[in-house]
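Read through the structure below, which is laid out as structure tokens, and then see the notes.
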Number of protein chains: 2
Amino acid sequence: MFTFSEENYLKAIYHLERKFPVGVSTNALAEEMETKASSVTDMIKKLSEKKLVNYKKYQGFKLSKLGMKTAVSVIRKHRLWEVFLVEKLHFSWDEVHEVAEQLEHIKSEKLIDELDRFLDFPKRDPHGDPIPDDEGNFIILNKVLLSDLKKGESGIFVGVKDSSTTFLQFLDKRNIALGSEIKISEKEPFDQSVLIKLNEQELRVSNLISGNIYIKTN
Amino acid sequence: MFTFSEENYLKAIYHLERKFPVGVSTNALAEEMETKASSVTDMIKKLSEKKLVNYKKYQGFKLSKLGMKTAVSVIRKHRLWEVFLVEKLHFSWDEVHEVAEQLEHIKSEKLIDELDRFLDFPKRDPHGDPIPDDEGNFIILNKVLLSDLKKGESGIFVGVKDSSTTFLQFLDKRNIALGSEIKISEKEPFDQSVLIKLNEQELRVSNLISGNIYIKTN
DNA sequence: ATATATTTTTAGACTAATCTAAAAATATAT
DNA sequence: ATATATTTTTAGATTAGTCTAAAAATATAT
């Protein structure tokens with residue numbers, strides 16, 4: 001079907017389209033892929049020939065219908081494998097990404113659908129991100145950033161925006177786990193840091209932290 | 001570490017060394033890999049530079065200690081994934097090979113050791129082949145070909161020599177499954193076909209079939 | 001032992017994915 | 001509006017893995 005590299009580009013374009021709904025630029029994709037703009041241009045040409053992206057020179061690009069379907073399928077695989085690693089193989093949520101990056105490229109419809117069944121059709125991956133079903137449909141959960149809550153408001157911790165190892169380990173260290181109830185006790189107007197209450201304890205976190213935590217409000 | 005291609009060559013050399021213990025030839029490996037002799041020469045040079053094989057021009061090659069270790073590790077991964085596919089994901093023994101060929105190249109020590117534990121340290125894959133442990137040690141089972149048994153002798157079906165889809169499906173169709181007790185009722189001297197008894201039924205199989213079935217005798 | 005056949009290697013080319021450096025297009029600023 | 005800066009594309013190279021065709025080495029046969 002498609003090469004690992006093509007799939008990785010499609011996935012990256014998918015994520016960038018959330019940030020830039022009008023279209024993705026060569027430089028933005030180069031940064032996301034940690035590669036050079038010239039390499040991106042080469043690859044975009046190839047993806048365009050294969051009808052995976054819509055592209056006009058110098059005008060940016062967007063996923064085609066086929067490109068979108070393919071990207072979502074790779075994301076489904078990535079997230080299902082993450083669930084497998086955490087639930088069955090004792091991985092922690094900060095260890096799964098690297099391995100899932102490899103596993104997401106394994107080609108087998110049966111494999112992924114059976115894995116889905118084996119895991120009992122999970123709706124979220126270990127970081128709270130929704131898992132597309134076999135038709136590519138997501139459950140969109142309405143969530144807000146913790147940094148957007150006002151003093152006195154509360155909700156459930158349902159996901160992270162940044163899932164870097166360091167951030168995830170930071171959360172682990174403070175016992176901030178998915179599903180925890182978090183309430184804003186205080187909000188410092190000067191630096192936007194917040195005093196939060198969770199698990200019967202109070203904790204002060206910076207705006208950088210609260211801006212990476214997704215909350216489902218009641 | 002090593003590329004998919006390098007790992008595939010190492011695995012193929014490993015298997016060929018069983019057949020040709022003195023050393024593997026370029027042509028033999030080309031046939032095994034379904035590629036051209038010139039491609040094999042190119043790759044062998046690379047493997048030789050990386051100290052994975054011992055090679056002298058025109059004189060064939062053998063795996064080095066490092067090459068052997070690497071090949072065994074790939075085989076361990078392949079066979080563990082096969083067990084996973086059959087035991088957890090409802091694959092049949094004739095469906096697993098193609099997917100395991102992909103999964104065997106995933107790089108993660110933790111992944112494979114946790115998978116091993118998750119599967120409860122299986123000693124054999126779905127075709128009866130032994131699974132190396134995390135040190136690379138195999139359990140060698142003393143087995144003989146069904147075609148080597150004499151009239152009246154019997155044993156347990158413990159493995160297949162040829163694990164092609166067609167052969168495995170042939171066995172399925174006749175309910176010849178791993179673990180079955182098989183007894184030679186009759187042996188036809190002319191074509192070496194045998195009348196076997198298993199599961200309370202008698203069945204005639206050709207020499208080609210009996211030459212691909214491994215038996216553990218009591 | 002020498003001619004012939006077979007095997008193996010080399011030489012040169014191709015594709016995919018990447019890079020650097022330069023050119024072309026577009027955007028920005030005064 | 002035109003010069004300058006930025007972005008994007010192109011041109012040309014590089015690496016891994018493969019191929020074909022030819023050359024070199026080895027094996028076989030009479």
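Residues in the structure tokens are numbered from 1 in each chain, the chains being A, B, ... in the order shown, and ligands are numbered from 1 in the order shown.
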Go through chain B residue by residue and, counting only C-alpha atoms (C1' of nucleotides), keep those with an atom at most 10 Å from chain D; for each kept residue give the shortest atom pair and its distance in Å to one decimal, ordered by chain and increasing number, as JSON lines.
{"residue": "B:Thr3", "atom": "CA", "partner": "D:DA16", "partner_atom": "C1'", "distance": 9.5}
{"residue": "B:Ser5", "atom": "CA", "partner": "D:DG17", "partner_atom": "C1'", "distance": 8.3}
{"residue": "B:Thr35", "atom": "CA", "partner": "D:DT18", "partner_atom": "C1'", "distance": 8.7}
{"residue": "B:Lys36", "atom": "CA", "partner": "D:DC19", "partner_atom": "C1'", "distance": 8.0}
{"residue": "B:Ser38", "atom": "CA", "partner": "D:DC19", "partner_atom": "C1'", "distance": 8.4}
{"residue": "B:Ser39", "atom": "CA", "partner": "D:DT18", "partner_atom": "C1'", "distance": 6.5}
{"residue": "B:Val40", "atom": "CA", "partner": "D:DT18", "partner_atom": "C1'", "distance": 9.8}
{"residue": "B:Asp42", "atom": "CA", "partner": "D:DG17", "partner_atom": "C1'", "distance": 8.9}
{"residue": "B:Met43", "atom": "CA", "partner": "D:DG17", "partner_atom": "C1'", "distance": 8.5}
{"residue": "B:Lys57", "atom": "CA", "partner": "D:DA25", "partner_atom": "C1'", "distance": 9.4}
{"residue": "B:Tyr58", "atom": "CA", "partner": "D:DA25", "partner_atom": "C1'", "distance": 7.3}
{"residue": "B:Gln59", "atom": "CA", "partner": "D:DT26", "partner_atom": "C1'", "distance": 9.5}
Chain A residues near chain B (7 Å cut-off, only C-alpha atoms) as a list in words: Leu89, Val99, Gln102, Leu103, Ile106, Ser108, Glu114, Leu115 and Phe118 of chain A
Every residue of region 15-84 of chain B that DSSP places in alpha helix (DSSP H), as a PyMOL selection string: chain B and resi 15-19+26-32+37-49+65-84
Same residues, N, CA and C atoms, output as a short mmCIF file (atom, residue, chain, number, x, y, z; two decimals), in the first residue's frame:
data_model
loop_
_atom_site.label_atom_id
_atom_site.label_comp_id
_atom_site.auth_asym_id
_atom_site.auth_seq_id
_atom_site.Cartn_x
_atom_site.Cartn_y
_atom_site.Cartn_z
N HIS B 15 18.64 -20.24 8.46
CA HIS B 15 17.91 -21.44 8.04
C HIS B 15 18.73 -22.28 7.06
N LEU B 16 19.46 -21.61 6.18
CA LEU B 16 20.25 -22.36 5.19
C LEU B 16 21.42 -23.09 5.84
N GLU B 17 21.92 -22.55 6.94
CA GLU B 17 23.06 -23.21 7.60
C GLU B 17 22.67 -24.58 8.16
N ARG B 18 21.37 -24.75 8.48
CA ARG B 18 20.92 -26.08 8.91
C ARG B 18 21.09 -27.07 7.75
N LYS B 19 20.79 -26.58 6.55
CA LYS B 19 20.85 -27.46 5.37
C LYS B 19 22.29 -27.63 4.88
N THR B 26 26.13 -18.21 -2.44
CA THR B 26 25.41 -17.04 -2.94
C THR B 26 24.11 -17.43 -3.63
N ASN B 27 24.19 -18.42 -4.51
CA ASN B 27 22.99 -18.84 -5.23
C ASN B 27 21.91 -19.41 -4.31
N ALA B 28 22.32 -20.19 -3.34
CA ALA B 28 21.35 -20.76 -2.41
C ALA B 28 20.60 -19.65 -1.68
N LEU B 29 21.35 -18.65 -1.25
CA LEU B 29 20.72 -17.55 -0.53
C LEU B 29 19.84 -16.72 -1.46
N ALA B 30 20.30 -16.56 -2.70
CA ALA B 30 19.49 -15.81 -3.67
C ALA B 30 18.15 -16.50 -3.88
N GLU B 31 18.17 -17.82 -3.96
CA GLU B 31 16.92 -18.55 -4.15
C GLU B 31 16.02 -18.39 -2.93
N GLU B 32 16.60 -18.59 -1.75
CA GLU B 32 15.86 -18.46 -0.49
C GLU B 32 15.22 -17.08 -0.37
N ALA B 37 21.53 -13.16 -7.51
CA ALA B 37 22.82 -13.44 -6.89
C ALA B 37 23.63 -12.16 -6.68
N SER B 38 23.53 -11.24 -7.62
CA SER B 38 24.29 -9.99 -7.49
C SER B 38 23.83 -9.18 -6.28
N SER B 39 22.53 -9.21 -6.03
CA SER B 39 22.02 -8.51 -4.85
C SER B 39 22.55 -9.16 -3.58
N VAL B 40 22.61 -10.48 -3.61
CA VAL B 40 23.13 -11.21 -2.45
C VAL B 40 24.58 -10.83 -2.20
N THR B 41 25.36 -10.81 -3.25
CA THR B 41 26.78 -10.44 -3.08
C THR B 41 26.89 -9.05 -2.43
N ASP B 42 26.10 -8.12 -2.94
CA ASP B 42 26.11 -6.76 -2.37
C ASP B 42 25.82 -6.80 -0.87
N MET B 43 24.75 -7.52 -0.52
CA MET B 43 24.34 -7.54 0.88
C MET B 43 25.34 -8.29 1.74
N ILE B 44 25.88 -9.37 1.23
CA ILE B 44 26.85 -10.14 2.02
C ILE B 44 28.09 -9.28 2.33
N LYS B 45 28.47 -8.47 1.37
CA LYS B 45 29.59 -7.55 1.62
C LYS B 45 29.28 -6.63 2.79
N LYS B 46 28.05 -6.14 2.78
CA LYS B 46 27.66 -5.22 3.84
C LYS B 46 27.63 -5.95 5.20
N LEU B 47 27.03 -7.14 5.19
CA LEU B 47 26.95 -7.92 6.43
C LEU B 47 28.35 -8.29 6.92
N SER B 48 29.22 -8.52 5.96
CA SER B 48 30.60 -8.87 6.32
C SER B 48 31.31 -7.67 6.96
N GLU B 49 31.11 -6.50 6.37
CA GLU B 49 31.70 -5.28 6.97
C GLU B 49 31.18 -5.05 8.38
N LYS B 65 29.33 -15.00 15.24
CA LYS B 65 28.66 -15.11 16.54
C LYS B 65 27.57 -14.03 16.66
N LEU B 66 27.96 -12.79 16.31
CA LEU B 66 26.99 -11.69 16.37
C LEU B 66 25.83 -11.91 15.40
N GLY B 67 26.17 -12.40 14.19
CA GLY B 67 25.12 -12.66 13.20
C GLY B 67 24.15 -13.72 13.70
N MET B 68 24.70 -14.75 14.32
CA MET B 68 23.87 -15.83 14.86
C MET B 68 22.94 -15.30 15.95
N LYS B 69 23.50 -14.52 16.85
CA LYS B 69 22.71 -13.94 17.94
C LYS B 69 21.57 -13.09 17.37
N THR B 70 21.90 -12.30 16.38
CA THR B 70 20.89 -11.43 15.78
C THR B 70 19.81 -12.24 15.08
N ALA B 71 20.22 -13.24 14.32
CA ALA B 71 19.25 -14.08 13.61
C ALA B 71 18.31 -14.77 14.59
N VAL B 72 18.88 -15.31 15.66
CA VAL B 72 18.07 -16.03 16.65
C VAL B 72 17.07 -15.07 17.32
N SER B 73 17.52 -13.85 17.54
CA SER B 73 16.63 -12.87 18.15
C SER B 73 15.45 -12.53 17.22
N VAL B 74 15.72 -12.46 15.93
CA VAL B 74 14.63 -12.20 14.98
C VAL B 74 13.67 -13.39 14.94
N ILE B 75 14.23 -14.59 14.99
CA ILE B 75 13.39 -15.79 14.98
C ILE B 75 12.54 -15.86 16.25
N ARG B 76 13.14 -15.50 17.36
CA ARG B 76 12.38 -15.45 18.63
C ARG B 76 11.18 -14.52 18.48
N LYS B 77 11.42 -13.34 17.93
CA LYS B 77 10.33 -12.39 17.77
C LYS B 77 9.26 -12.94 16.84
N HIS B 78 9.69 -13.46 15.72
CA HIS B 78 8.75 -14.02 14.74
C HIS B 78 7.83 -15.05 15.40
N ARG B 79 8.43 -15.96 16.11
CA ARG B 79 7.64 -17.08 16.66
C ARG B 79 6.76 -16.65 17.82
N LEU B 80 7.25 -15.71 18.63
CA LEU B 80 6.40 -15.21 19.71
C LEU B 80 5.18 -14.48 19.13
N TRP B 81 5.40 -13.68 18.11
CA TRP B 81 4.26 -12.99 17.50
C TRP B 81 3.28 -13.99 16.90
N GLU B 82 3.80 -15.07 16.34
CA GLU B 82 2.89 -16.09 15.80
C GLU B 82 2.00 -16.67 16.89
N VAL B 83 2.58 -16.94 18.03
CA VAL B 83 1.79 -17.45 19.16
C VAL B 83 0.73 -16.43 19.55
N PHE B 84 1.14 -15.18 19.64
CA PHE B 84 0.18 -14.12 19.98
C PHE B 84 -0.98 -14.10 19.00
#
Each residue of chain C lying at most 9 Å from chain B should get a row with its shortest atom-to-atom pair and the distance in Å to one decimal, counting only C-alpha atoms (C1' of nucleotides); could you produce that, ordered by chain and increasing number, as a Markdown table?
| residue | atom | partner | partner_atom | distance |
| --- | --- | --- | --- | --- |
| C:DT7 | C1' | B:Asn27 | CA | 7.6 |
| C:DT8 | C1' | B:Tyr58 | CA | 5.9 |
| C:DT9 | C1' | B:Thr41 | CA | 7.2 |
| C:DT10 | C1' | B:Ser38 | CA | 8.9 |
Expected file contents, prior selection, N, CA and C atoms (P, O5', C5', C4', C3', O3' and C1' of nucleotides), as a short mmCIF file (atom, residue, chain, number, x, y, z; two decimals), in the first residue's frame:
data_model
loop_
_atom_site.label_atom_id
_atom_site.label_comp_id
_atom_site.auth_asym_id
_atom_site.auth_seq_id
_atom_site.Cartn_x
_atom_site.Cartn_y
_atom_site.Cartn_z
P DT C 7 25.21 -23.45 -10.86
"O5'" DT C 7 26.24 -22.45 -10.16
"C5'" DT C 7 27.43 -22.98 -9.57
"C4'" DT C 7 28.28 -21.82 -9.11
"C3'" DT C 7 27.52 -20.76 -8.30
"O3'" DT C 7 28.20 -20.66 -7.06
"C1'" DT C 7 28.82 -19.75 -10.00
P DT C 8 27.73 -19.67 -5.92
"O5'" DT C 8 28.56 -18.35 -6.23
"C5'" DT C 8 29.99 -18.41 -6.18
"C4'" DT C 8 30.54 -17.07 -6.61
"C3'" DT C 8 29.93 -15.87 -5.89
"O3'" DT C 8 30.98 -15.30 -5.13
"C1'" DT C 8 30.11 -15.49 -8.23
P DT C 9 30.79 -13.98 -4.28
"O5'" DT C 9 31.29 -12.86 -5.31
"C5'" DT C 9 32.62 -12.93 -5.83
"C4'" DT C 9 32.80 -11.86 -6.89
"C3'" DT C 9 32.52 -10.44 -6.42
"O3'" DT C 9 33.71 -9.69 -6.61
"C1'" DT C 9 31.46 -10.88 -8.50
P DT C 10 33.81 -8.17 -6.17
"O5'" DT C 10 33.52 -7.41 -7.55
"C5'" DT C 10 34.41 -7.61 -8.64
"C4'" DT C 10 33.91 -6.84 -9.85
"C3'" DT C 10 33.66 -5.35 -9.62
"O3'" DT C 10 34.28 -4.67 -10.70
"C1'" DT C 10 31.77 -6.33 -10.61
#
Point-to-point distance in Å for CA of Asn212 (chain A) and CA of Gln192 (chain A): 13.5 Å
